[in-house]
Each structure stands twice: as structure tokens, then as C-alpha cells.
Amino acid sequence: MAIHEILEFPDPRLRTIAKSVDEVNDEVRSLLDDMLETMYDAGGIGLAATQINVHQRIVVMDLSEERNEPRVFINPEVTPLTEEGHTYQEGCLSVPGFYEDVIRPERCLIKATDRDGKPFEEQATGLLAVCIQHELDHLNGKLFVDYLSNMKRDRIRKKLEKEHKRRAG
């Protein structure tokens with residue numbers, strides 16, 4: 001297993017739309033393991049392949065307190081099950097240090113494939129619903145900062161660009 005670099009906003013590679021996974025094979029399972037290791041190392045609860053510059057429709061997450069319940073979603077599709085939105089404060093490994101309120105549907109249906117190549121579906125509420133919608137946005141080239149006002153998004157972009165320069169210099 002390997003820990004990958006996580007791309008950070010405003011890196012343009014985060015805007016790449018991911019392609020479907022044709023076959024769940026050993027290469028995909030190895031990527032899943034790397035993604036989980038990368039997510040755990042960074043202290044996150046979810047990670048989309050796009051965030052490590054792999055543009056395949058793959059998401060991993062672990063919402064457990066003990067960090068021992070890894071979840072895998074290959075080619076995930078999400079259908080909202082409610083019109084009403086719920087506000088959650090979201091953060092992102094690609095937008096480190098920033099947390100903002102985002103409104104998303106509170107319940108959704110997830111259809112995906114697991115690490116063995118078996119399709120599954122489940123209804124999600126609460127944190128799982130928020131997290132899968134957030135990660136699916138990544139696969140579609142969208143970030144949670146896109147839900148914010150231009151002023152807030154620009155402020156975050158400028159602070160992160162300044163931090164990137166400081167680290168590089």
C-alpha cells in the first residue's frame with residue numbers, strides 16, 4: 001500500500017470529471033487500499049480518486065469513530081430522496097483547514113459496486129448522505145467551495161495559494 005499526495009484547491013486537476021471503472025480487478029483493489037491508507041493518514045472520513053489525481057469513479061470512506069469500518073463505492077450514483085435540504089458544516093482534504101455550511105438533500109439512494117465487483121444499493125441519511133454527495137461531487141469536478149459565495153471562495157483560494165507558495169518557497 002502507498003500514501004498518495006492529495007491535490008489541493010485551486011489545483012485544476014480537481015476539476016477533471018472521472019471516468020467509469022469498467023472492471024473491478026486487482027489493480028482497482030490495490031488503488032482502493034492505497035486510497036484508504038491515504039485517507040486514514042490525512043485524518044479524513046472520505047476520499048475520491050480525483051483527489052489523488054486518479055480520474056476513476058471511485059470513493060472510499062470510513063465514518064466510524066474507531067476508523068475500522070472502511071466503505072468502498074465504485075461507479076457510485078446518488079439519487080436524492082427528499083426535496084428538503086439539510087445544512088451540514090463540511091470540510092475537505094483538498095481544502096485543508098476550512099469548514100463551511102453546505103445545504104444538501106438529507107436522504108438519498110446510493111447505487112454502486114463494491115470491492116468484489118458486486119452491485120449494491122442503500123438508502124443514506126445523516127453523515128453518510130452528506131459524505132457520499134460530497135465525494136460524488138469530486139468525481140464530477142466539483143468542490144464544496146463551489147456552493148459558497150464568490151467572496152468566500154476567493155478568500156479561501158487566496159489563503160491556500162499563499163500557503164502553497166510558503167510551502168514551496
# chains A, B, ... in the order shown; residues from 1 in each chain; ligands from 1

call {"tool": "select_by_dssp", "arguments": {"residues": "stretch 2-72 of chain A", "states": "helix (DSSP H, G or I)", "output": "list in words"}}
result
Pro12, Arg13, Leu14, Arg15, Asp26, Glu27, Val28, Arg29, Ser30, Leu31, Leu32, Asp33, Asp34, Met35, Leu36, Glu37, Thr38, Met39, Tyr40, Asp41, Ala42, Ala49, Thr50, Gln51 and Ile52 of chain A

call {"tool": "residues_around", "arguments": {"residues": "A:Leu7", "least_positions_apart": "6", "cutoff": "6 Å", "atoms": "only C-alpha atoms", "output": "PyMOL selection string"}}
result
chain A and resi 51-52+94

call {"tool": "residues_around", "arguments": {"residues": "stretch 150-156 of chain A", "least_positions_apart": "4", "cutoff": "9 Å", "atoms": "only C-alpha atoms", "output": "PDB file with all heavy atoms, in the first residue's frame"}}
result
ATOM      1  N   PHE A   9      -7.167  22.553  -3.569  1.00  0.00           N
ATOM      2  CA  PHE A   9      -7.780  23.695  -4.232  1.00  0.00           C
ATOM      3  C   PHE A   9      -6.767  24.826  -4.249  1.00  0.00           C
ATOM      4  O   PHE A   9      -6.093  25.051  -3.249  1.00  0.00           O
ATOM      5  CB  PHE A   9      -9.039  24.079  -3.452  1.00  0.00           C
ATOM      6  CG  PHE A   9      -9.776  25.274  -3.961  1.00  0.00           C
ATOM      7  CD1 PHE A   9     -10.451  25.244  -5.162  1.00  0.00           C
ATOM      8  CD2 PHE A   9      -9.792  26.449  -3.220  1.00  0.00           C
ATOM      9  CE1 PHE A   9     -11.136  26.355  -5.622  1.00  0.00           C
ATOM     10  CE2 PHE A   9     -10.478  27.562  -3.664  1.00  0.00           C
ATOM     11  CZ  PHE A   9     -11.148  27.510  -4.872  1.00  0.00           C
ATOM     12  N   VAL A  95      -9.285  20.981   0.642  1.00  0.00           N
ATOM     13  CA  VAL A  95      -9.446  22.376   1.058  1.00  0.00           C
ATOM     14  C   VAL A  95      -9.112  22.418   2.558  1.00  0.00           C
ATOM     15  O   VAL A  95      -9.974  22.684   3.390  1.00  0.00           O
ATOM     16  CB  VAL A  95     -10.878  22.900   0.781  1.00  0.00           C
ATOM     17  CG1 VAL A  95     -10.962  24.415   1.007  1.00  0.00           C
ATOM     18  CG2 VAL A  95     -11.336  22.555  -0.628  1.00  0.00           C
ATOM     19  N   PHE A  98     -10.467  24.546   6.251  1.00  0.00           N
ATOM     20  CA  PHE A  98     -11.675  25.354   6.059  1.00  0.00           C
ATOM     21  C   PHE A  98     -12.915  24.486   6.225  1.00  0.00           C
ATOM     22  O   PHE A  98     -12.970  23.363   5.726  1.00  0.00           O
ATOM     23  CB  PHE A  98     -11.676  26.002   4.664  1.00  0.00           C
ATOM     24  CG  PHE A  98     -10.603  27.035   4.505  1.00  0.00           C
ATOM     25  CD1 PHE A  98      -9.358  26.681   4.016  1.00  0.00           C
ATOM     26  CD2 PHE A  98     -10.819  28.351   4.884  1.00  0.00           C
ATOM     27  CE1 PHE A  98      -8.343  27.614   3.890  1.00  0.00           C
ATOM     28  CE2 PHE A  98      -9.814  29.291   4.761  1.00  0.00           C
ATOM     29  CZ  PHE A  98      -8.572  28.930   4.266  1.00  0.00           C
ATOM     30  N   VAL A 145     -16.507  24.197  -2.008  1.00  0.00           N
ATOM     31  CA  VAL A 145     -16.386  25.652  -2.078  1.00  0.00           C
ATOM     32  C   VAL A 145     -17.228  26.236  -3.209  1.00  0.00           C
ATOM     33  O   VAL A 145     -17.546  27.428  -3.196  1.00  0.00           O
ATOM     34  CB  VAL A 145     -14.915  26.116  -2.211  1.00  0.00           C
ATOM     35  CG1 VAL A 145     -14.115  25.760  -0.961  1.00  0.00           C
ATOM     36  CG2 VAL A 145     -14.258  25.555  -3.449  1.00  0.00           C
ATOM     37  N   ASP A 146     -17.623  25.398  -4.173  1.00  0.00           N
ATOM     38  CA  ASP A 146     -18.472  25.872  -5.269  1.00  0.00           C
ATOM     39  C   ASP A 146     -19.879  26.225  -4.789  1.00  0.00           C
ATOM     40  O   ASP A 146     -20.616  26.895  -5.495  1.00  0.00           O
ATOM     41  CB  ASP A 146     -18.551  24.817  -6.381  1.00  0.00           C
ATOM     42  CG  ASP A 146     -17.198  24.549  -7.012  1.00  0.00           C
ATOM     43  OD1 ASP A 146     -16.307  25.419  -6.922  1.00  0.00           O
ATOM     44  OD2 ASP A 146     -17.017  23.453  -7.589  1.00  0.00           O
ATOM     45  N   LEU A 160      -5.162  29.619   0.511  1.00  0.00           N
ATOM     46  CA  LEU A 160      -4.484  28.362   0.159  1.00  0.00           C
ATOM     47  C   LEU A 160      -3.337  28.601  -0.819  1.00  0.00           C
ATOM     48  O   LEU A 160      -2.283  27.977  -0.698  1.00  0.00           O
ATOM     49  CB  LEU A 160      -5.482  27.346  -0.405  1.00  0.00           C
ATOM     50  CG  LEU A 160      -6.403  26.703   0.637  1.00  0.00           C
ATOM     51  CD1 LEU A 160      -7.448  25.820  -0.019  1.00  0.00           C
ATOM     52  CD2 LEU A 160      -5.613  25.907   1.665  1.00  0.00           C
ATOM     53  N   GLU A 161      -3.507  29.500  -1.776  1.00  0.00           N
ATOM     54  CA  GLU A 161      -2.416  29.823  -2.703  1.00  0.00           C
ATOM     55  C   GLU A 161      -1.220  30.388  -1.929  1.00  0.00           C
ATOM     56  O   GLU A 161      -0.067  30.040  -2.206  1.00  0.00           O
ATOM     57  CB  GLU A 161      -2.880  30.807  -3.764  1.00  0.00           C
ATOM     58  CG  GLU A 161      -3.754  30.171  -4.828  1.00  0.00           C
ATOM     59  CD  GLU A 161      -4.351  31.180  -5.800  1.00  0.00           C
ATOM     60  OE1 GLU A 161      -4.428  32.385  -5.465  1.00  0.00           O
ATOM     61  OE2 GLU A 161      -4.751  30.750  -6.887  1.00  0.00           O
TER      62      GLU A 161
END

call {"tool": "residues_around", "arguments": {"residues": "stretch 38-43 of chain A", "least_positions_apart": "6", "cutoff": "8 Å", "atoms": "only C-alpha atoms", "output": "mmCIF file with C-alpha atoms, in the first residue's frame"}}
result
data_model
loop_
_atom_site.group_PDB
_atom_site.id
_atom_site.type_symbol
_atom_site.label_atom_id
_atom_site.label_comp_id
_atom_site.auth_asym_id
_atom_site.auth_seq_id
_atom_site.Cartn_x
_atom_site.Cartn_y
_atom_site.Cartn_z
ATOM 1 C CA ALA A 2 1.063 3.573 -0.592
ATOM 2 C CA ILE A 3 0.085 7.013 0.598
ATOM 3 C CA HIS A 4 -0.653 9.401 -2.263
ATOM 4 C CA GLU A 5 -0.414 13.181 -2.400
ATOM 5 C CA MET A 61 -14.899 6.415 3.333
ATOM 6 C CA ARG A 67 -11.705 4.072 11.973
ATOM 7 C CA LEU A 93 -8.915 17.131 2.487
#

call {"tool": "atom_distance", "arguments": {"atom1": "atom CA of A:Asp114", "atom2": "atom CA of A:Asn53"}}
result
21.1 Å

call {"tool": "select_by_dssp", "arguments": {"residues": "stretch 16-120 of chain A", "states": "strand (DSSP E)", "output": "PyMOL selection string"}}
result
chain A and resi 46-48+58-61+71-80+85-92+95-105+107-113+119-120

call {"tool": "atom_distance", "arguments": {"atom1": "atom CA of A:Leu148", "atom2": "atom CA of A:Cys92"}}
result
13.7 Å

call {"tool": "decode", "arguments": {"residues": "stretch 1-37 of chain A", "atoms": "C-alpha atoms", "output": "mmCIF file, in the first residue's frame"}}
result
data_model
loop_
_atom_site.group_PDB
_atom_site.id
_atom_site.type_symbol
_atom_site.label_atom_id
_atom_site.label_comp_id
_atom_site.auth_asym_id
_atom_site.auth_seq_id
_atom_site.Cartn_x
_atom_site.Cartn_y
_atom_site.Cartn_z
ATOM 1 C CA MET A 1 0.000 0.000 0.000
ATOM 2 C CA ALA A 2 1.063 3.573 -0.592
ATOM 3 C CA ILE A 3 0.085 7.013 0.598
ATOM 4 C CA HIS A 4 -0.653 9.401 -2.263
ATOM 5 C CA GLU A 5 -0.414 13.181 -2.400
ATOM 6 C CA ILE A 6 -3.817 14.840 -2.052
ATOM 7 C CA LEU A 7 -4.448 17.622 -4.555
ATOM 8 C CA GLU A 8 -5.464 20.941 -3.009
ATOM 9 C CA PHE A 9 -7.780 23.695 -4.232
ATOM 10 C CA PRO A 10 -7.348 25.532 -6.607
ATOM 11 C CA ASP A 11 -5.438 22.766 -8.465
ATOM 12 C CA PRO A 12 -7.175 22.479 -11.876
ATOM 13 C CA ARG A 13 -6.856 18.663 -11.840
ATOM 14 C CA LEU A 14 -9.594 18.652 -9.187
ATOM 15 C CA ARG A 15 -11.972 19.822 -11.931
ATOM 16 C CA THR A 16 -11.449 16.684 -14.060
ATOM 17 C CA ILE A 17 -14.552 14.547 -14.493
ATOM 18 C CA ALA A 18 -13.788 10.941 -13.549
ATOM 19 C CA LYS A 19 -14.426 8.023 -15.897
ATOM 20 C CA SER A 20 -16.363 4.870 -15.005
ATOM 21 C CA VAL A 21 -14.496 1.796 -13.859
ATOM 22 C CA ASP A 22 -15.022 -0.970 -16.430
ATOM 23 C CA GLU A 23 -13.825 -3.896 -14.336
ATOM 24 C CA VAL A 24 -13.107 -4.386 -10.648
ATOM 25 C CA ASN A 25 -9.754 -6.188 -10.714
ATOM 26 C CA ASP A 26 -6.615 -6.442 -8.567
ATOM 27 C CA GLU A 27 -5.372 -3.072 -9.842
ATOM 28 C CA VAL A 28 -8.600 -1.383 -8.688
ATOM 29 C CA ARG A 29 -8.495 -3.197 -5.337
ATOM 30 C CA SER A 30 -4.882 -2.061 -4.849
ATOM 31 C CA LEU A 31 -5.980 1.526 -5.586
ATOM 32 C CA LEU A 32 -8.796 1.148 -3.031
ATOM 33 C CA ASP A 33 -6.282 0.060 -0.383
ATOM 34 C CA ASP A 34 -3.993 2.992 -1.241
ATOM 35 C CA MET A 35 -6.918 5.409 -1.072
ATOM 36 C CA LEU A 36 -7.992 4.114 2.342
ATOM 37 C CA GLU A 37 -4.431 4.367 3.659
#
